[in-house]
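Data block for final.txt (compact mmCIF, C-alpha atoms):
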# COMPACT_ATOMS: atom_id res chain seq x y z
CA MET Q 1 -15.53 40.61 71.58
CA ASN Q 2 -13.11 38.77 69.28
CA TYR Q 3 -10.64 40.70 67.14
CA ILE Q 4 -8.99 39.55 63.93
CA SER Q 5 -5.28 38.76 63.97
CA SER Q 6 -4.82 38.12 60.23
CA ILE Q 7 -5.72 40.62 57.49
CA THR Q 8 -5.80 39.79 53.75
CA ASN Q 9 -7.66 40.88 50.63
CA PRO Q 10 -10.97 38.94 50.69
CA HIS Q 11 -11.25 39.08 46.87
CA PRO Q 12 -7.70 39.09 45.42
CA GLY Q 13 -7.49 39.92 41.71
CA LYS Q 14 -11.24 40.52 41.34
CA PHE Q 15 -11.54 44.25 42.04
CA ILE Q 16 -9.44 47.33 41.40
CA VAL Q 17 -10.43 48.67 44.82
CA CYS Q 18 -11.66 46.41 47.62
CA LYS Q 19 -12.52 47.61 51.11
CA SER Q 20 -11.55 45.11 53.81
CA PRO Q 21 -14.48 44.10 56.04
CA ILE Q 22 -11.97 44.05 58.94
CA GLU Q 23 -11.76 47.28 60.91
CA ASP Q 24 -10.74 45.96 64.36
CA PHE Q 25 -7.51 44.00 64.75
CA ASN Q 26 -5.12 43.05 67.53
CA ASN Q 27 -1.64 44.28 68.19
CA ASN Q 28 0.88 42.08 66.33
CA SER Q 29 -1.74 41.04 63.75
CA ILE Q 30 -0.37 39.83 60.41
CA LEU Q 31 -1.12 41.77 57.22
CA THR Q 32 -0.59 39.90 53.95
CA VAL Q 33 -0.47 41.94 50.72
CA ASN Q 34 -0.57 39.90 47.52
CA PRO Q 35 1.63 40.67 44.48
CA GLY Q 36 0.08 43.32 42.25
CA GLU Q 37 -1.76 45.15 45.04
CA GLN Q 38 -1.33 47.67 47.84
CA ALA Q 39 -2.93 47.85 51.30
CA ILE Q 40 -3.82 51.40 52.28
CA PHE Q 41 -4.78 52.37 55.83
CA VAL Q 42 -7.29 55.25 56.09
CA ASN Q 43 -8.25 57.05 59.27
CA ASN Q 44 -11.05 59.65 59.24
CA GLY Q 45 -10.62 60.24 55.49
CA THR Q 46 -6.84 60.60 55.73
CA ILE Q 47 -4.33 58.10 54.36
CA ALA Q 48 -2.11 57.00 57.24
CA GLY Q 49 -0.01 54.19 55.78
CA ILE Q 50 0.63 52.23 52.57
CA PHE Q 51 1.93 48.66 52.33
CA GLU Q 52 3.27 47.06 49.13
CA ASN Q 53 3.10 43.30 48.54
CA GLY Q 54 4.57 41.27 51.39
CA ARG Q 55 3.88 40.03 54.95
CA TYR Q 56 3.79 42.52 57.83
CA GLU Q 57 3.46 42.27 61.62
CA LEU Q 58 1.37 45.23 62.73
CA SER Q 59 2.46 46.84 65.95
CA THR Q 60 3.17 50.35 67.18
CA GLN Q 61 6.82 49.41 67.52
CA ASN Q 62 7.13 48.54 63.85
CA TYR Q 63 4.71 51.19 62.53
CA PRO Q 64 4.27 54.19 64.86
CA PHE Q 65 1.40 55.57 62.79
CA LEU Q 66 -0.76 52.78 64.26
CA ASN Q 67 -0.94 54.82 67.48
CA ALA Q 68 -3.56 56.94 65.76
CA PHE Q 69 -5.75 53.82 65.48
CA ARG Q 70 -5.38 52.71 69.09
CA ARG Q 71 -8.77 51.94 70.52
CA PHE Q 72 -8.78 50.10 73.87
CA LEU Q 73 -7.52 47.00 75.58
CA ALA Q 74 -9.36 43.74 74.97
CA ASN Q 75 -8.34 40.57 76.79
CA GLY Q 76 -5.07 42.29 77.66
CA ASN Q 77 -4.27 43.08 74.00
CA LEU Q 78 -4.00 46.50 72.44
CA THR Q 79 -6.49 46.84 69.56
CA TYR Q 80 -6.79 49.16 66.59
CA HIS Q 81 -9.65 50.46 64.49
CA CYS Q 82 -9.24 51.83 60.94
CA THR Q 83 -10.38 51.30 57.34
CA ILE Q 84 -8.16 49.24 55.06
CA PHE Q 85 -8.42 49.30 51.26
CA PHE Q 86 -6.70 46.88 48.91
CA VAL Q 87 -5.88 48.48 45.55
CA SER Q 88 -4.85 46.35 42.56
CA ASP Q 89 -2.33 47.68 40.04
CA THR Q 90 -3.00 45.03 37.36
CA GLN Q 91 -4.16 46.08 33.91
CA SER Q 92 -7.91 46.49 33.48
CA PRO Q 93 -9.90 44.69 30.76
CA GLU Q 94 -10.57 46.63 27.55
CA ILE Q 95 -12.99 49.55 28.02
CA LEU Q 96 -14.92 50.80 24.97
CA TRP Q 97 -15.59 54.47 24.21
CA GLY Q 98 -17.24 56.46 21.42
CA MET Q 99 -18.47 59.97 20.63
CA SER Q 100 -19.54 62.43 17.94
CA LEU Q 101 -17.26 65.43 17.67
CA PRO Q 102 -17.65 68.72 15.72
CA VAL Q 103 -14.29 70.01 14.47
CA ARG Q 104 -13.06 72.60 11.98
CA ASP Q 105 -11.25 71.08 9.01
CA PRO Q 106 -7.75 72.66 9.04
CA VAL Q 107 -7.52 72.60 5.23
CA GLN Q 108 -11.10 73.21 4.07
CA GLN Q 109 -11.91 75.57 6.98
CA ILE Q 110 -15.44 74.18 7.41
CA PHE Q 111 -17.11 72.68 10.46
CA THR Q 112 -17.35 68.92 10.13
CA LYS Q 113 -18.98 66.35 12.42
CA ILE Q 114 -16.98 63.17 12.89
CA PHE Q 115 -17.83 59.93 14.68
CA VAL Q 116 -14.94 58.45 16.66
CA ARG Q 117 -14.77 55.20 18.63
CA GLY Q 118 -12.15 52.97 20.18
CA SER Q 119 -10.98 51.35 23.42
CA TYR Q 120 -8.47 51.75 26.23
CA THR Q 121 -7.02 49.81 29.16
CA LEU Q 122 -5.91 51.25 32.51
CA ARG Q 123 -3.86 50.38 35.54
CA VAL Q 124 -3.39 52.02 38.93
CA ILE Q 125 0.01 53.66 39.39
CA ASP Q 126 -0.77 55.46 42.65
CA GLY Q 127 -3.35 53.80 44.88
CA ALA Q 128 -3.35 56.71 47.34
CA LYS Q 129 -4.30 59.24 44.65
CA LEU Q 130 -7.03 56.92 43.39
CA LEU Q 131 -8.52 56.57 46.87
CA VAL Q 132 -8.38 60.33 47.46
CA SER Q 133 -10.33 60.91 44.23
CA LEU Q 134 -12.94 58.37 45.41
CA MET Q 135 -13.29 59.72 48.97
CA GLY Q 136 -16.86 60.59 49.87
CA MET Q 137 -18.36 58.05 47.44
CA ASN Q 138 -18.73 55.35 50.12
CA ILE Q 139 -17.10 52.73 47.93
CA ASN Q 140 -16.63 49.18 49.15
CA PHE Q 141 -15.71 47.62 45.79
CA MET Q 142 -14.74 49.00 42.40
CA GLY Q 143 -14.35 46.63 39.47
CA PRO Q 144 -13.03 47.37 35.96
CA SER Q 145 -16.54 48.06 34.67
CA ASP Q 146 -17.03 50.66 37.42
CA ILE Q 147 -14.28 52.82 35.89
CA LYS Q 148 -16.82 54.14 33.37
CA VAL Q 149 -19.32 54.80 36.17
CA TYR Q 150 -16.96 56.96 38.23
CA TYR Q 151 -14.68 58.39 35.55
CA GLY Q 152 -16.46 57.79 32.22
CA ASN Q 153 -17.63 61.35 31.61
CA LYS Q 154 -14.25 62.76 32.60
CA PHE Q 155 -12.41 60.36 30.28
CA GLN Q 156 -14.76 61.15 27.40
CA GLN Q 157 -14.05 64.86 27.83
CA LEU Q 158 -10.29 64.28 27.95
CA ILE Q 159 -10.39 62.18 24.75
CA SER Q 160 -12.62 64.70 22.99
CA ASN Q 161 -10.30 67.61 23.83
CA ALA Q 162 -7.19 65.66 22.82
CA ILE Q 163 -8.59 64.67 19.40
CA ALA Q 164 -9.88 68.19 18.67
CA LYS Q 165 -6.50 69.74 19.56
CA TYR Q 166 -4.63 67.18 17.45
CA ILE Q 167 -6.81 67.88 14.41
CA ALA Q 168 -6.51 71.66 14.82
CA ALA Q 169 -2.70 71.48 14.94
CA SER Q 170 -2.29 68.90 12.17
CA ASN Q 171 -2.71 71.15 9.08
CA ARG Q 172 -4.19 68.08 7.38
CA GLU Q 173 -7.64 67.49 5.90
CA VAL Q 174 -10.02 65.59 8.18
CA LEU Q 175 -10.86 63.14 5.38
CA GLU Q 176 -7.17 62.21 5.16
CA MET Q 177 -6.85 61.73 8.93
CA CYS Q 178 -9.81 59.32 9.00
CA ALA Q 179 -7.49 56.71 7.49
CA ASP Q 180 -4.68 57.35 9.99
CA ASN Q 181 -6.13 56.02 13.25
CA LEU Q 182 -2.94 54.34 14.49
CA SER Q 183 -0.76 57.46 14.28
CA ILE Q 184 -3.41 59.60 15.97
CA SER Q 185 -3.82 57.04 18.78
CA GLU Q 186 -0.07 56.97 19.44
CA ALA Q 187 0.16 60.76 19.42
CA ILE Q 188 -2.78 61.27 21.79
CA GLN Q 189 -2.01 58.64 24.44
CA PRO Q 190 0.81 60.59 26.19
CA THR Q 191 -1.33 63.73 26.39
CA LEU Q 192 -4.15 61.73 28.00
CA ASN Q 193 -1.85 60.23 30.63
CA ILE Q 194 -0.97 63.65 32.06
CA PRO Q 195 -4.45 64.44 33.46
CA LEU Q 196 -5.14 60.77 34.28
CA SER Q 197 -2.12 60.71 36.60
CA GLU Q 198 -4.04 63.09 38.88
CA PHE Q 199 -6.36 60.14 39.63
CA GLY Q 200 -3.46 57.72 40.12
CA LEU Q 201 -4.20 56.04 36.78
CA GLU Q 202 -2.40 55.56 33.48
CA LEU Q 203 -3.41 54.31 30.06
CA THR Q 204 -1.60 51.11 29.17
CA ASN Q 205 -3.23 51.08 25.74
CA PHE Q 206 -5.32 53.60 23.82
CA THR Q 207 -6.82 52.86 20.42
CA ILE Q 208 -8.94 54.74 17.90
CA SER Q 209 -10.59 51.94 15.94
CA ALA Q 210 -12.58 54.17 13.55
CA MET Q 211 -13.03 57.84 12.69
CA ASP Q 212 -15.75 58.63 10.14
CA ILE Q 213 -17.21 61.81 8.66
CA ASP Q 214 -20.97 62.23 9.01
CA ALA Q 215 -22.36 61.39 5.55
CA ASN Q 216 -25.26 63.81 6.09
CA ASP Q 217 -23.10 66.76 7.14
CA PRO Q 218 -24.41 69.64 4.94
CA ASN Q 219 -21.05 71.43 4.80
CA ARG Q 220 -19.29 68.31 3.52
CA ARG Q 221 -21.98 67.69 0.91
CA ILE Q 222 -21.56 71.21 -0.49
CA LEU Q 223 -17.80 70.73 -0.58
CA GLU Q 224 -18.06 67.40 -2.41
CA MET Q 225 -20.39 68.95 -5.00
CA ALA Q 226 -17.86 71.71 -5.58
CA TYR Q 227 -15.09 69.14 -6.08
CA ALA Q 228 -17.31 67.26 -8.55
CA ARG Q 229 -17.88 70.43 -10.60
CA GLN Q 230 -14.17 71.22 -10.54
CA ARG Q 231 -13.33 67.74 -11.81
CA GLU Q 232 -15.95 68.06 -14.54
CA VAL Q 233 -14.31 71.28 -15.76
CA GLU Q 234 -10.90 69.59 -15.77
CA ILE Q 235 -12.21 66.70 -17.89
CA LEU Q 236 -14.18 68.78 -20.44
CA GLY Q 237 -11.55 71.51 -20.63
CA ALA Q 238 -12.22 74.37 -23.09
CA ASN Q 239 -15.48 72.81 -24.26
CA TYR Q 240 -17.05 72.97 -20.76
CA GLY Q 241 -18.91 76.25 -21.37
CA MET Q 242 -20.28 75.19 -24.76
CA ILE Q 243 -21.50 71.82 -23.48
CA LYS Q 244 -23.14 73.31 -20.41
CA ASP Q 245 -24.83 75.97 -22.54
CA THR Q 246 -26.20 73.25 -24.78
CA ASP Q 247 -27.53 71.31 -21.77
CA VAL Q 248 -29.23 74.44 -20.42
CA ARG Q 249 -30.93 75.09 -23.77
CA ILE Q 250 -32.09 71.48 -23.99
CA ASN Q 251 -33.51 71.47 -20.49
CA ALA Q 252 -35.26 74.79 -21.09
CA SER Q 253 -36.76 73.59 -24.37
CA GLN Q 254 -37.96 70.34 -22.82
CA THR Q 255 -39.62 72.23 -19.99
CA SER Q 256 -41.32 74.55 -22.46
CA PHE Q 257 -42.28 71.73 -24.79
CA ALA Q 258 -43.69 69.62 -21.94
CA GLY Q 259 -45.78 72.53 -20.69
CA MET Q 260 -47.56 73.12 -24.04
CA SER Q 261 -50.90 71.60 -24.95
CA PHE Q 262 -51.27 70.40 -28.53
CA GLY Q 263 -54.32 69.45 -30.54
CA THR Q 264 -54.49 66.16 -32.32
CA PRO Q 265 -53.57 67.46 -35.82
CA TYR Q 266 -50.42 69.21 -34.62
CA ALA Q 267 -49.36 66.27 -32.48
CA SER Q 268 -49.74 63.98 -35.48
CA THR Q 269 -47.55 66.28 -37.54
CA VAL Q 270 -44.80 66.22 -34.94
CA GLN Q 271 -44.97 62.44 -34.75
CA GLN Q 272 -44.78 62.22 -38.55
CA HIS Q 273 -41.66 64.42 -38.65
CA ALA Q 274 -40.10 62.34 -35.90
CA ARG Q 275 -40.74 59.13 -37.83
CA GLU Q 276 -39.31 60.67 -41.00
CA TYR Q 277 -36.18 61.76 -39.18
CA HIS Q 278 -35.80 58.37 -37.54
CA ASN Q 279 -35.97 56.64 -40.91
CA HIS Q 280 -33.31 58.92 -42.36
CA GLN Q 281 -31.17 59.74 -39.30
CA PRO Q 282 -27.41 59.18 -39.73
CA ASN Q 283 -25.80 56.25 -38.00
CA ALA Q 284 -22.90 56.67 -35.55
CA ASP Q 285 -20.34 56.64 -38.37
CA ASN Q 286 -22.22 59.25 -40.38
CA VAL Q 287 -22.52 61.53 -37.37
CA GLY Q 288 -18.81 61.51 -37.02
CA THR Q 289 -18.24 62.39 -40.70
CA THR Q 290 -20.91 65.09 -41.23
CA SER Q 291 -18.64 67.77 -39.87
CA ASP Q 292 -15.39 68.06 -38.00
CA ASP Q 293 -16.87 70.58 -35.54
CA PRO Q 294 -18.32 68.67 -32.53
CA ILE Q 295 -19.89 71.80 -31.05
CA ARG Q 296 -21.79 72.40 -34.25
CA LYS Q 297 -23.01 68.82 -34.16
CA LEU Q 298 -24.27 69.29 -30.61
CA HIS Q 299 -26.14 72.45 -31.57
CA GLN Q 300 -27.72 70.68 -34.53
CA LEU Q 301 -28.80 67.80 -32.33
CA SER Q 302 -30.28 70.17 -29.74
CA GLU Q 303 -32.28 71.97 -32.47
CA LEU Q 304 -33.67 68.66 -33.70
CA LEU Q 305 -34.64 67.76 -30.13
CA GLU Q 306 -36.26 71.17 -29.59
CA LYS Q 307 -38.42 70.69 -32.70
CA GLY Q 308 -39.43 67.22 -31.57
CA LEU Q 309 -37.86 65.56 -34.58
CA ILE Q 310 -35.78 63.16 -32.49
CA SER Q 311 -36.38 61.47 -29.14
CA ARG Q 312 -34.42 62.18 -26.01
CA GLU Q 313 -32.89 58.71 -26.18
CA GLU Q 314 -31.71 59.30 -29.73
CA PHE Q 315 -30.24 62.66 -28.71
CA ASP Q 316 -28.40 61.19 -25.70
CA ASN Q 317 -26.90 58.38 -27.77
CA ALA Q 318 -25.64 60.76 -30.47
CA LYS Q 319 -24.36 63.25 -27.88
CA ALA Q 320 -22.44 60.52 -26.03
CA GLN Q 321 -20.74 59.43 -29.26
CA ILE Q 322 -19.68 63.01 -30.03
CA LEU Q 323 -18.35 63.66 -26.51
CA SER Q 324 -16.42 60.40 -26.47
CA LYS Q 325 -14.39 61.66 -29.42
CA MET Q 326 -13.79 65.04 -27.75
CA ILE Q 327 -12.46 63.78 -24.36
Now that the file is in, can you turn its structure into C-alpha cells?
Amino acid sequence: MNYISSITNPHPGKFIVCKSPIEDFNNNSILTVNPGEQAIFVNNGTIAGIFENGRYELSTQNYPFLNAFRRFLANGNLTYHCTIFFVSDTQSPEILWGMSLPVRDPVQQIFTKIFVRGSYTLRVIDGAKLLVSLMGMNINFMGPSDIKVYYGNKFQQLISNAIAKYIAASNREVLEMCADNLSISEAIQPTLNIPLSEFGLELTNFTISAMDIDANDPNRRILEMAYARQREVEILGANYGMIKDTDVRINASQTSFAGMSFGTPYASTVQQHAREYHNHQPNADNVGTTSDDPIRKLHQLSELLEKGLISREEFDNAKAQILSKMI
C-alpha cells in the first residue's frame, strides 16, 4: 500500500470547506496550507490540530498530537490516519435574502405587514467553530451557495428578529423607516454578528435594499382613509359640516329620485322645467354675484337638483365654482 507524502487543498479558492481525500500519510509528510485558508485535523469527531497558511513537516516530534493518529508501520515508515479539512476565510459572494414580516407600528400602534429584502456577504473567522457546527452532516465540500442550504433558515430568523426589535425600539413610524434602509442596515449588522460568531462566521456586508408596506394591509388602508378625512377637514375648515350635509342630502335625493317610477306626462313636465332652467340658468359670473353667502348658494343648487330642474353635471360645475372661492 502506498501512502501520500504531500498534502494540499485539492480545490484551493473554490470551496469554503473542502475535505481532503487523503486520510493516510507518512511520517515527515509535507502539509502545504495556502494563504486565506486553514487546515484542520479531525479525529473521531474531535478537532486535534489547526494549521494556518504555510508549509509544515508532519511528524510526532514536531506535532505530538499526531500520536493519536498513529496507525501502523508500512515499508518501515510510521503512518497516520485522520480526516483533514481545508477551510477558506475569504469573503463569500453576495447572498440574497427576503421575507415578509408583521410588526407593530411604534407610532400608529397598528399591526403592519412589511416586505423586506436585501443581501449579505460572509467570511469564516473561526474554522474550528464552523466545522463543529457542521459535524454529523457528512460534508465533503461546502461552497458559498451551500451557506443558504445549511444556515439559511437560521439566518432568516436572525434577520427577522433584528429588524423587528429595531422597529419596536425606534419610536418612529414604519412608513418613515421604509425610506431609511441604509441606517437600519448599519444598525442591525453588529447585532447579527453576535449570534453568527457561534458558527465561526461574520458578516462582512449586510444590506437592506428595500422595505415596503403591504398595499393590501387592511389596517393601513383604514389609517390612510382616516388621514384623508382629517386633511379634508383641515382644507374645508368651518364649512366642512355644511358641505358634507349638503352632499348627504343630494345623495339621498338622487337615490330617492332614481327609485321612483314616473308616467310619461310627469316625466315630460320635469324635462320641460329642466329645459326652462337651462335656458335661464345664471352663468359662472352671475352665480358669484347672486348672493355673498356660499352656503345658501349650495342649498339653492341642491334644491334645484332635487326637483330635477338641473342636471348633475350642471350642479357639479356650479358647486365647484362656489367652493373654489371658499377655499
Nearby residues (only C-alpha atoms) at most 10 Å from Ile110 of chain Q, same-chain spacing under 6 positions excluded, as a VMD selection string: chain Q and resid 103 to 104 219 to 220 223
Pick from Q:Gly54, Q:Gly13, Q:Gly127, Q:Gly49 nearest to Val33 of chain Q, counting only C-alpha atoms: Q:Gly54
Surrounding residues of Met211 of chain Q excluding itself and chain neighbours under 5 positions, 6 Å, all atoms listed in the file, as an MDAnalysis selection string: chainID Q and resid 115:116 178
From the options Q:Glu202, Q:Asn43, Q:Arg117, Q:Leu301, which residue's atoms come nearest to Leu130 of chain Q, counting only C-alpha atoms?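 Between Q:Glu202, Q:Asn43, Q:Arg117, Q:Leu301, the residue approaching Leu130 of chain Q most closely is Q:Glu202.
Going from atom CA of Ser6 of chain Q to atom CA of Ile30 of chain Q covers 4.8 Å.
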Atom pair atom CA of Asn140 of chain Q / atom CA of Lys14 of chain Q: separation (Å):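 Between atom CA of Asn140 of chain Q and atom CA of Lys14 of chain Q the gap is 12.8 Å.
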Which is closer to Ala179 of chain Q than all the others in Q:Ile40, Q:Asn62, Q:Tyr151, Q:Ser209, using only C-alpha atoms?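 For Ala179 of chain Q, the nearest of the candidates is Q:Ser209.
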Ranking Q:Gln108, Q:Asn161, Q:Asn67, Q:Thr8 by minimum distance to Phe85 of chain Q and counting all atoms listed in the file, which one comes first? Q:Thr8
To one decimal place in Å, what is the distance between atom CA of Ser59 of chain Q and atom CA of Thr46 of chain Q? 19.5 Å
Option closest in space to Gly200 of chain Q, from Q:Glu37, Q:Asp126, Q:Asp89, Q:Glu57 [counting all atoms listed in the file]: Q:Asp126
